[in-house]
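Text of the file query.cif, holding mmCIF, C-alpha atoms, pLDDT in the B column; chains and numbers go by the auth columns:
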```
data_model
#
loop_
_atom_site.group_PDB
_atom_site.id
_atom_site.type_symbol
_atom_site.label_atom_id
_atom_site.label_comp_id
_atom_site.label_asym_id
_atom_site.label_seq_id
_atom_site.Cartn_x
_atom_site.Cartn_y
_atom_site.Cartn_z
_atom_site.B_iso_or_equiv
_atom_site.auth_seq_id
_atom_site.auth_asym_id
ATOM 1 C CA MET A 1 -24.570 -9.181 -9.341 54.00 276 A
ATOM 2 C CA SER A 2 -28.332 -8.883 -9.610 52.00 277 A
ATOM 3 C CA GLN A 3 -30.014 -7.040 -12.444 53.00 278 A
ATOM 4 C CA SER A 4 -31.370 -4.399 -10.051 53.00 279 A
ATOM 5 C CA LYS A 5 -27.887 -3.713 -8.693 46.00 280 A
ATOM 6 C CA ILE A 6 -26.485 -3.395 -12.218 48.00 281 A
ATOM 7 C CA LYS A 7 -29.264 -0.972 -13.083 49.00 282 A
ATOM 8 C CA SER A 8 -28.553 1.059 -9.945 49.00 283 A
ATOM 9 C CA LEU A 9 -24.856 1.131 -10.750 44.00 284 A
ATOM 10 C CA ILE A 10 -25.523 2.371 -14.298 49.00 285 A
ATOM 11 C CA ILE A 11 -27.802 5.105 -12.980 49.00 286 A
ATOM 12 C CA ALA A 12 -25.164 6.149 -10.461 47.00 287 A
ATOM 13 C CA VAL A 13 -22.457 6.307 -13.137 42.00 288 A
ATOM 14 C CA ILE A 14 -24.714 8.384 -15.405 53.00 289 A
ATOM 15 C CA ALA A 15 -25.542 10.728 -12.517 45.00 290 A
ATOM 16 C CA ILE A 16 -21.842 11.234 -11.736 50.00 291 A
ATOM 17 C CA ALA A 17 -21.097 11.893 -15.399 46.00 292 A
ATOM 18 C CA VAL A 18 -23.851 14.511 -15.548 40.00 293 A
ATOM 19 C CA VAL A 19 -22.484 16.233 -12.432 39.00 294 A
ATOM 20 C CA VAL A 20 -18.925 16.243 -13.845 39.00 295 A
ATOM 21 C CA VAL A 21 -20.038 17.697 -17.182 39.00 296 A
ATOM 22 C CA ALA A 22 -22.192 20.326 -15.467 41.00 297 A
ATOM 23 C CA ALA A 23 -19.327 21.315 -13.171 39.00 298 A
ATOM 24 C CA ALA A 24 -16.953 21.584 -16.131 40.00 299 A
ATOM 25 C CA ILE A 25 -19.356 23.908 -17.914 35.00 300 A
ATOM 26 C CA PHE A 26 -20.114 25.962 -14.803 37.00 301 A
ATOM 27 C CA PHE A 27 -16.515 26.449 -13.701 38.00 302 A
ATOM 28 C CA LYS A 28 -15.003 26.852 -17.173 39.00 303 A
ATOM 29 C CA PRO A 29 -13.179 30.215 -17.384 40.00 304 A
ATOM 30 C CA SER A 30 -15.042 32.735 -19.509 46.00 305 A
ATOM 31 C CA THR A 31 -13.517 33.236 -22.936 60.00 306 A
ATOM 32 C CA LYS A 32 -15.861 36.122 -23.719 84.00 307 A
ATOM 33 C CA LEU A 33 -13.983 39.253 -24.660 90.00 308 A
ATOM 34 C CA PRO A 34 -14.824 42.621 -23.055 90.00 309 A
ATOM 35 C CA LYS A 35 -16.896 45.076 -25.029 93.00 310 A
ATOM 36 C CA GLN A 36 -14.812 47.056 -27.511 95.00 311 A
ATOM 37 C CA VAL A 37 -14.760 50.847 -27.146 96.00 312 A
ATOM 38 C CA ARG A 38 -13.319 53.529 -29.374 97.00 313 A
ATOM 39 C CA ILE A 39 -10.528 55.639 -27.868 98.00 314 A
ATOM 40 C CA ASP A 40 -9.248 58.712 -29.684 96.00 315 A
ATOM 41 C CA THR A 41 -5.451 58.789 -29.278 97.00 316 A
ATOM 42 C CA THR A 42 -4.805 61.738 -31.580 96.00 317 A
ATOM 43 C CA GLY A 43 -1.833 63.721 -30.295 96.00 318 A
ATOM 44 C CA GLN A 44 -1.102 61.276 -27.459 98.00 319 A
ATOM 45 C CA PRO A 45 2.454 59.989 -26.767 98.00 320 A
ATOM 46 C CA THR A 46 3.000 56.677 -28.537 98.00 321 A
ATOM 47 C CA MET A 47 5.949 54.321 -28.868 98.00 322 A
ATOM 48 C CA GLY A 48 6.531 51.220 -30.943 97.00 323 A
ATOM 49 C CA ASN A 49 5.625 50.120 -34.442 97.00 324 A
ATOM 50 C CA ALA A 50 3.211 52.704 -35.830 96.00 325 A
ATOM 51 C CA ASN A 51 1.759 50.090 -38.200 97.00 326 A
ATOM 52 C CA ALA A 52 1.200 47.413 -35.549 97.00 327 A
ATOM 53 C CA LYS A 53 -2.231 45.785 -35.594 97.00 328 A
ATOM 54 C CA VAL A 54 -2.240 45.678 -31.797 98.00 329 A
ATOM 55 C CA HIS A 55 -2.689 48.955 -29.916 98.00 330 A
ATOM 56 C CA ILE A 56 -2.158 49.063 -26.151 98.00 331 A
ATOM 57 C CA ILE A 57 -3.519 52.215 -24.506 98.00 332 A
ATOM 58 C CA ALA A 58 -2.730 53.082 -20.885 98.00 333 A
ATOM 59 C CA PHE A 59 -4.508 55.669 -18.733 98.00 334 A
ATOM 60 C CA GLU A 60 -2.221 56.846 -15.945 98.00 335 A
ATOM 61 C CA ASP A 61 -1.750 59.572 -13.336 98.00 336 A
ATOM 62 C CA LEU A 62 1.854 60.520 -12.569 98.00 337 A
ATOM 63 C CA LYS A 63 1.141 60.700 -8.812 98.00 338 A
ATOM 64 C CA CYS A 64 -0.569 57.295 -8.796 98.00 339 A
ATOM 65 C CA PRO A 65 1.350 54.708 -6.706 98.00 340 A
ATOM 66 C CA ASN A 66 -0.292 51.812 -8.567 98.00 341 A
ATOM 67 C CA CYS A 67 0.914 53.355 -11.826 98.00 342 A
ATOM 68 C CA MET A 68 4.395 53.493 -10.329 98.00 343 A
ATOM 69 C CA ARG A 69 4.216 49.774 -9.526 98.00 344 A
ATOM 70 C CA PHE A 70 2.932 48.973 -13.006 98.00 345 A
ATOM 71 C CA ASN A 71 5.680 51.004 -14.682 98.00 346 A
ATOM 72 C CA THR A 72 8.480 49.552 -12.581 98.00 347 A
ATOM 73 C CA THR A 73 7.381 45.906 -12.688 98.00 348 A
ATOM 74 C CA LEU A 74 4.958 44.942 -15.476 98.00 349 A
ATOM 75 C CA LEU A 75 5.557 47.569 -18.175 98.00 350 A
ATOM 76 C CA PRO A 76 9.208 46.612 -18.819 98.00 351 A
ATOM 77 C CA LYS A 77 8.015 43.075 -19.602 98.00 352 A
ATOM 78 C CA VAL A 78 5.181 44.371 -21.797 98.00 353 A
ATOM 79 C CA LYS A 79 7.583 46.668 -23.635 98.00 354 A
ATOM 80 C CA LYS A 80 10.139 43.929 -24.246 98.00 355 A
ATOM 81 C CA LYS A 81 7.664 41.246 -25.341 98.00 356 A
ATOM 82 C CA PHE A 82 5.137 43.247 -27.333 98.00 357 A
ATOM 83 C CA VAL A 83 6.399 46.759 -28.121 98.00 358 A
ATOM 84 C CA ASP A 84 10.103 46.275 -28.855 98.00 359 A
ATOM 85 C CA SER A 85 9.253 43.174 -30.900 97.00 360 A
ATOM 86 C CA GLY A 86 6.961 45.203 -33.166 97.00 361 A
ATOM 87 C CA ILE A 87 3.805 43.320 -32.192 97.00 362 A
ATOM 88 C CA ALA A 88 2.143 46.328 -30.572 98.00 363 A
ATOM 89 C CA LYS A 89 2.301 50.081 -30.265 98.00 364 A
ATOM 90 C CA TYR A 90 1.827 51.639 -26.847 98.00 365 A
ATOM 91 C CA THR A 91 0.035 54.909 -26.112 98.00 366 A
ATOM 92 C CA MET A 92 -0.108 56.645 -22.739 98.00 367 A
ATOM 93 C CA ILE A 93 -2.960 59.021 -21.930 98.00 368 A
ATOM 94 C CA THR A 94 -2.000 61.195 -18.969 98.00 369 A
ATOM 95 C CA LEU A 95 -4.666 62.035 -16.393 98.00 370 A
ATOM 96 C CA ALA A 96 -4.568 64.407 -13.420 98.00 371 A
ATOM 97 C CA PHE A 97 -7.367 63.461 -11.045 97.00 372 A
ATOM 98 C CA ILE A 98 -5.192 62.872 -7.982 97.00 373 A
ATOM 99 C CA PRO A 99 -4.841 66.129 -5.980 96.00 374 A
ATOM 100 C CA GLY A 100 -1.684 68.002 -6.952 96.00 375 A
ATOM 101 C CA SER A 101 -0.883 65.970 -10.057 97.00 376 A
ATOM 102 C CA MET A 102 -1.759 68.561 -12.718 98.00 377 A
ATOM 103 C CA PRO A 103 1.713 70.210 -12.713 98.00 378 A
ATOM 104 C CA ALA A 104 3.334 66.817 -13.350 98.00 379 A
ATOM 105 C CA ALA A 105 0.927 66.095 -16.199 98.00 380 A
ATOM 106 C CA ASN A 106 1.605 69.544 -17.647 98.00 381 A
ATOM 107 C CA ALA A 107 5.364 68.989 -17.369 98.00 382 A
ATOM 108 C CA ALA A 108 5.117 65.720 -19.290 98.00 383 A
ATOM 109 C CA ARG A 109 3.006 67.410 -21.951 98.00 384 A
ATOM 110 C CA CYS A 110 5.414 70.359 -22.157 98.00 385 A
ATOM 111 C CA LEU A 111 8.289 67.971 -22.831 98.00 386 A
ATOM 112 C CA TYR A 112 6.246 66.029 -25.383 98.00 387 A
ATOM 113 C CA LYS A 113 5.649 69.273 -27.270 98.00 388 A
ATOM 114 C CA GLN A 114 9.315 70.227 -26.882 98.00 389 A
ATOM 115 C CA ASN A 115 10.491 66.883 -28.299 98.00 390 A
ATOM 116 C CA LYS A 116 8.326 63.770 -28.519 98.00 391 A
ATOM 117 C CA LYS A 117 11.315 61.586 -27.648 98.00 392 A
ATOM 118 C CA LEU A 118 11.557 63.199 -24.186 98.00 393 A
ATOM 119 C CA TYR A 119 8.129 62.113 -22.969 98.00 394 A
ATOM 120 C CA PHE A 120 8.618 58.460 -22.063 98.00 395 A
ATOM 121 C CA PRO A 121 12.098 58.887 -20.494 98.00 396 A
ATOM 122 C CA PHE A 122 10.681 61.676 -18.303 98.00 397 A
ATOM 123 C CA VAL A 123 7.649 59.610 -17.277 98.00 398 A
ATOM 124 C CA LYS A 124 9.891 56.636 -16.555 98.00 399 A
ATOM 125 C CA TYR A 125 12.151 58.767 -14.355 98.00 400 A
ATOM 126 C CA ILE A 126 9.165 60.071 -12.400 98.00 401 A
ATOM 127 C CA TYR A 127 7.818 56.585 -11.717 98.00 402 A
ATOM 128 C CA PHE A 128 11.202 55.223 -10.657 98.00 403 A
ATOM 129 C CA HIS A 129 11.672 58.184 -8.263 98.00 404 A
ATOM 130 C CA GLN A 130 8.062 58.900 -7.336 98.00 405 A
ATOM 131 C CA PRO A 131 7.636 60.330 -3.823 96.00 406 A
ATOM 132 C CA SER A 132 4.661 59.401 -1.660 93.00 407 A
ATOM 133 C CA GLU A 133 1.228 60.278 -3.048 90.00 408 A
ATOM 134 C CA GLU A 134 0.534 62.293 0.126 91.00 409 A
ATOM 135 C CA GLN A 135 3.454 64.631 -0.548 94.00 410 A
ATOM 136 C CA ASN A 136 2.966 67.776 -2.610 95.00 411 A
ATOM 137 C CA TRP A 137 5.993 66.920 -4.718 97.00 412 A
ATOM 138 C CA ALA A 138 4.744 67.947 -8.186 97.00 413 A
ATOM 139 C CA THR A 139 6.157 71.465 -7.922 97.00 414 A
ATOM 140 C CA VAL A 140 8.084 73.473 -10.495 97.00 415 A
ATOM 141 C CA PRO A 141 11.476 73.037 -8.732 97.00 416 A
ATOM 142 C CA THR A 142 11.038 69.265 -8.295 98.00 417 A
ATOM 143 C CA LEU A 143 9.783 68.726 -11.835 98.00 418 A
ATOM 144 C CA LEU A 144 12.679 70.753 -13.237 98.00 419 A
ATOM 145 C CA GLN A 145 15.062 68.670 -11.140 98.00 420 A
ATOM 146 C CA PHE A 146 13.528 65.461 -12.519 98.00 421 A
ATOM 147 C CA ALA A 147 13.678 66.819 -16.069 98.00 422 A
ATOM 148 C CA SER A 148 17.369 67.725 -15.646 97.00 423 A
ATOM 149 C CA LYS A 149 18.097 63.993 -15.505 97.00 424 A
ATOM 150 C CA ILE A 150 16.786 63.559 -19.045 98.00 425 A
ATOM 151 C CA LYS A 151 19.246 64.236 -21.866 97.00 426 A
ATOM 152 C CA GLY A 152 18.176 66.908 -24.331 97.00 427 A
ATOM 153 C CA VAL A 153 15.719 68.854 -22.175 98.00 428 A
ATOM 154 C CA ASN A 154 15.580 72.623 -22.667 98.00 429 A
ATOM 155 C CA LYS A 155 15.107 73.608 -19.018 97.00 430 A
ATOM 156 C CA PRO A 156 14.383 77.342 -19.521 97.00 431 A
ATOM 157 C CA ALA A 157 11.660 76.481 -22.059 98.00 432 A
ATOM 158 C CA LEU A 158 10.245 73.836 -19.722 98.00 433 A
ATOM 159 C CA GLU A 159 10.205 76.281 -16.799 97.00 434 A
ATOM 160 C CA GLN A 160 8.276 78.835 -18.825 97.00 435 A
ATOM 161 C CA CYS A 161 5.847 76.149 -19.957 98.00 436 A
ATOM 162 C CA LEU A 162 5.315 74.947 -16.386 97.00 437 A
ATOM 163 C CA VAL A 163 4.533 78.462 -15.178 95.00 438 A
ATOM 164 C CA LYS A 164 1.995 78.983 -17.960 95.00 439 A
ATOM 165 C CA SER A 165 0.461 75.459 -17.634 95.00 440 A
ATOM 166 C CA PRO A 166 -0.943 75.606 -21.180 97.00 441 A
ATOM 167 C CA TYR A 167 -2.103 71.992 -21.363 98.00 442 A
ATOM 168 C CA THR A 168 -4.544 71.874 -18.451 98.00 443 A
ATOM 169 C CA GLY A 169 -7.486 71.871 -20.859 98.00 444 A
ATOM 170 C CA PHE A 170 -5.985 69.026 -22.888 98.00 445 A
ATOM 171 C CA ILE A 171 -5.371 66.957 -19.755 98.00 446 A
ATOM 172 C CA ASN A 172 -8.901 67.620 -18.496 98.00 447 A
ATOM 173 C CA LYS A 173 -10.177 66.382 -21.849 98.00 448 A
ATOM 174 C CA ASN A 174 -8.152 63.197 -21.285 98.00 449 A
ATOM 175 C CA LEU A 175 -10.107 62.707 -18.056 98.00 450 A
ATOM 176 C CA GLN A 176 -13.361 63.069 -19.982 98.00 451 A
ATOM 177 C CA ILE A 177 -12.179 60.358 -22.371 98.00 452 A
ATOM 178 C CA ALA A 178 -11.284 58.115 -19.414 98.00 453 A
ATOM 179 C CA ASN A 179 -14.677 58.718 -17.797 98.00 454 A
ATOM 180 C CA LYS A 180 -16.442 57.727 -20.986 97.00 455 A
ATOM 181 C CA VAL A 181 -14.538 54.508 -21.719 97.00 456 A
ATOM 182 C CA MET A 182 -14.485 53.416 -18.058 97.00 457 A
ATOM 183 C CA GLY A 183 -18.171 54.070 -17.469 95.00 458 A
ATOM 184 C CA GLY A 184 -17.604 56.896 -15.003 95.00 459 A
ATOM 185 C CA GLN A 185 -15.367 54.820 -12.714 95.00 460 A
ATOM 186 C CA VAL A 186 -11.894 56.176 -13.439 97.00 461 A
ATOM 187 C CA ALA A 187 -9.011 54.128 -12.062 97.00 462 A
ATOM 188 C CA THR A 188 -5.321 54.110 -12.889 98.00 463 A
ATOM 189 C CA PRO A 189 -3.519 52.359 -14.332 98.00 464 A
ATOM 190 C CA THR A 190 -6.144 51.083 -16.756 98.00 465 A
ATOM 191 C CA LEU A 191 -5.092 49.461 -20.017 98.00 466 A
ATOM 192 C CA PHE A 192 -6.986 48.670 -23.191 98.00 467 A
ATOM 193 C CA VAL A 193 -5.954 46.389 -26.057 98.00 468 A
ATOM 194 C CA ASN A 194 -7.606 47.435 -29.306 98.00 469 A
ATOM 195 C CA GLY A 195 -10.365 49.041 -27.269 98.00 470 A
ATOM 196 C CA ARG A 196 -10.908 46.093 -24.895 98.00 471 A
ATOM 197 C CA ILE A 197 -10.234 46.732 -21.215 98.00 472 A
ATOM 198 C CA VAL A 198 -7.536 44.603 -19.544 98.00 473 A
ATOM 199 C CA ARG A 199 -8.941 43.158 -16.327 96.00 474 A
ATOM 200 C CA PRO A 200 -7.219 41.824 -14.358 97.00 475 A
ATOM 201 C CA LEU A 201 -4.070 43.710 -15.318 97.00 476 A
ATOM 202 C CA THR A 202 -1.730 40.740 -15.715 97.00 477 A
ATOM 203 C CA MET A 203 0.610 39.495 -18.429 97.00 478 A
ATOM 204 C CA LYS A 204 -1.660 36.474 -18.917 97.00 479 A
ATOM 205 C CA ARG A 205 -4.723 38.625 -19.558 97.00 480 A
ATOM 206 C CA LEU A 206 -2.745 40.978 -21.806 97.00 481 A
ATOM 207 C CA GLN A 207 -1.522 38.000 -23.807 97.00 482 A
ATOM 208 C CA THR A 208 -5.083 36.728 -24.214 97.00 483 A
ATOM 209 C CA LEU A 209 -6.341 40.057 -25.545 97.00 484 A
ATOM 210 C CA ILE A 210 -3.301 40.586 -27.748 97.00 485 A
ATOM 211 C CA ASP A 211 -3.720 37.118 -29.263 97.00 486 A
ATOM 212 C CA ALA A 212 -7.357 37.942 -29.990 95.00 487 A
ATOM 213 C CA ALA A 213 -6.351 41.252 -31.600 93.00 488 A
ATOM 214 C CA LYS A 214 -3.716 39.852 -33.961 84.00 489 A
#
```

Would it be possible to restate this file's structure as structure tokens?
Amino acid sequence: MSQSKIKSLIIAVIAIAVVVVAAAIFFKPSTKLPKQVRIDTTGQPTMGNANAKVHIIAFEDLKCPNCMRFNTTLLPKVKKKFVDSGIAKYTMITLAFIPGSMPAANAARCLYKQNKKLYFPFVKYIYFHQPSEEQNWATVPTLLQFASKIKGVNKPALEQCLVKSPYTGFINKNLQIANKVMGGQVATPTLFVNGRIVRPLTMKRLQTLIDAAK
């Protein structure tokens, strides 16, 4: 092989190597973590190890069909792997921005105030029996019927609470919190791990952020 051909071959190999390295850098998945925000969870329903270093916060609307899918598919896995194991605590912040969802949010809050242990079983029941978003199902009779499936509920007290709707202001404040941390683009379900938004909402992404938070 002539010297000129060898030189050309070397140049070609170098050029290919440069392209490969550049492509590897360009297409490498971003390891940059989302910006951390502060979320006040005072008085919000929380389950799991209170002293856990990892804090998962979920913003949800009880009429939201995507929230229903999250709660019936992904959340049981999250609960088993991270919450029940003591790795993380889990807080749910209830919103009511979907038309007709305020009574459901009030019902959940009423039960939380009645007995904190009633909140998550009630929310779980709603999501596993959630009617269509288009239906005006969040009525006093339906919510009382749902609550009757939860052991330990004081139905007369819940009915009185539902009629008075005393937590509308609190729930509206939750929406203000969501607006702030989501930059004015509220969507549910939206999760944060130690103040870092989980996008996309997958077990893989959750694991990445939880590993970074440990």

Sorted by chain and rising residue number, which residues of range 375-483 of chain A lie within 7 Å of range 309-330 of chain A, and what are their closest atom pairs and distances in Å to one decimal, counting all atoms listed in the file, as JSON lines?
```
{"residue": "A:Val456", "atom": "CA", "partner": "A:Val312", "partner_atom": "CA", "distance": 6.6}
{"residue": "A:Val468", "atom": "CA", "partner": "A:His330", "partner_atom": "CA", "distance": 5.7}
{"residue": "A:Asn469", "atom": "CA", "partner": "A:His330", "partner_atom": "CA", "distance": 5.2}
{"residue": "A:Gly470", "atom": "CA", "partner": "A:Val312", "partner_atom": "CA", "distance": 4.8}
{"residue": "A:Arg471", "atom": "CA", "partner": "A:Gln311", "partner_atom": "CA", "distance": 4.8}
{"residue": "A:Ile472", "atom": "CA", "partner": "A:Pro309", "partner_atom": "CA", "distance": 6.4}
```

Resulting file, chosen residues, C-alpha atoms, as a compact mmCIF listing (two decimals), in the coordinates of the input:
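As a result, result.txt now contains:
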```
# COMPACT_ATOMS: atom_id res chain seq x y z
CA VAL A 456 -14.54 54.51 -21.72
CA VAL A 468 -5.95 46.39 -26.06
CA ASN A 469 -7.61 47.44 -29.31
CA GLY A 470 -10.36 49.04 -27.27
CA ARG A 471 -10.91 46.09 -24.90
CA ILE A 472 -10.23 46.73 -21.22
```

* **Surrounding residues of Gln410 in chain A excluding itself and chain neighbours under 5 positions, 12 Å, only C-alpha atoms, as a PyMOL selection string** => chain A and resi 338-340+373-376+405+417

* Asked: Exactly which residues make up the result of the PyMOL selection byres ((chain A and resi 386) around 10) on this file, given as an MDAnalysis selection string?
  -> chainID A and resid 381:385 387:395 397 422 428:430 432:433 436:437

Enclose range 364-377 of chain A, meaning all of its atoms listed in the file, in a box aligned along x, y and z, pad it by 4 Å on each side, and list the centre and edge lengths in Å to one decimal, as AutoDock Vina command-line options.
```
--center_x -2.5 --center_y 59.3 --center_z -18.1 --size_x 17.7 --size_y 26.5 --size_z 32.3
```

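Here the PyMOL selection byres ((chain A and resi 473-481) around 10) matches the residues Leu308, Pro309, Ile331, Ile332, Ala333, Phe345, Leu349, Leu350, Lys352, Val353, Phe357, Pro464, Thr465, Leu466, Phe467, Val468, Gly470, Arg471, Ile472, Gln482, Thr483, Leu484, Ile485, Asp486 and Ala487 of chain A.
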
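In this structure, CA of Ile425 in chain A sits 25.2 Å away from CA of Gly361 in chain A.
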
Give me the residues near Ala453 in chain A as a PDB file with C-alpha atoms, keeping the file's coordinate frame, where near means some atom within 10 Å (using all atoms listed in the file) and where sequence neighbours in that chain fewer than 5 positions away do not count.
```pdb
ATOM      1  CA  ILE A 314     -10.528  55.639 -27.868  1.00 98.00           C
ATOM      2  CA  PHE A 334      -4.508  55.669 -18.733  1.00 98.00           C
ATOM      3  CA  GLU A 335      -2.221  56.846 -15.945  1.00 98.00           C
ATOM      4  CA  ILE A 368      -2.960  59.021 -21.930  1.00 98.00           C
ATOM      5  CA  THR A 369      -2.000  61.195 -18.969  1.00 98.00           C
ATOM      6  CA  LEU A 370      -4.666  62.035 -16.393  1.00 98.00           C
ATOM      7  CA  ASN A 447      -8.901  67.620 -18.496  1.00 98.00           C
ATOM      8  CA  LYS A 448     -10.177  66.382 -21.849  1.00 98.00           C
ATOM      9  CA  GLY A 458     -18.171  54.070 -17.469  1.00 95.00           C
ATOM     10  CA  GLY A 459     -17.604  56.896 -15.003  1.00 95.00           C
ATOM     11  CA  GLN A 460     -15.367  54.820 -12.714  1.00 95.00           C
ATOM     12  CA  VAL A 461     -11.894  56.176 -13.439  1.00 97.00           C
ATOM     13  CA  ALA A 462      -9.011  54.128 -12.062  1.00 97.00           C
ATOM     14  CA  THR A 463      -5.321  54.110 -12.889  1.00 98.00           C
ATOM     15  CA  THR A 465      -6.144  51.083 -16.756  1.00 98.00           C
TER      16      THR A 465
END
```

* **Who sits within 9 Å of Phe421 in chain A, all atoms listed in the file, same chain under 5 positions skipped, as a VMD selection string** => chain A and resid 397 400 to 401 404 416

How about saving the chosen residues, C-alpha atoms kept, as a compact mmCIF listing (two decimals), keeping the file's coordinate frame?
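result-v6.txt, written as the output of this step:
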```
# COMPACT_ATOMS: atom_id res chain seq x y z
CA PHE A 397 10.68 61.68 -18.30
CA TYR A 400 12.15 58.77 -14.36
CA ILE A 401 9.16 60.07 -12.40
CA HIS A 404 11.67 58.18 -8.26
CA PRO A 416 11.48 73.04 -8.73
```

* To do: State, in Å with one decimal place, the distance from CA of Pro378 in chain A to CA of Asn449 in chain A.
  => 14.8 Å

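The two atoms in question, CA of Phe372 in chain A and CA of Gly444 in chain A, are spaced 12.9 Å apart.
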
* Structure fact -> Using only C-alpha atoms, the residue out of A:Lys424, A:Val398, A:Trp412, A:Ile362 with shortest distance to Lys489 in chain A is A:Ile362
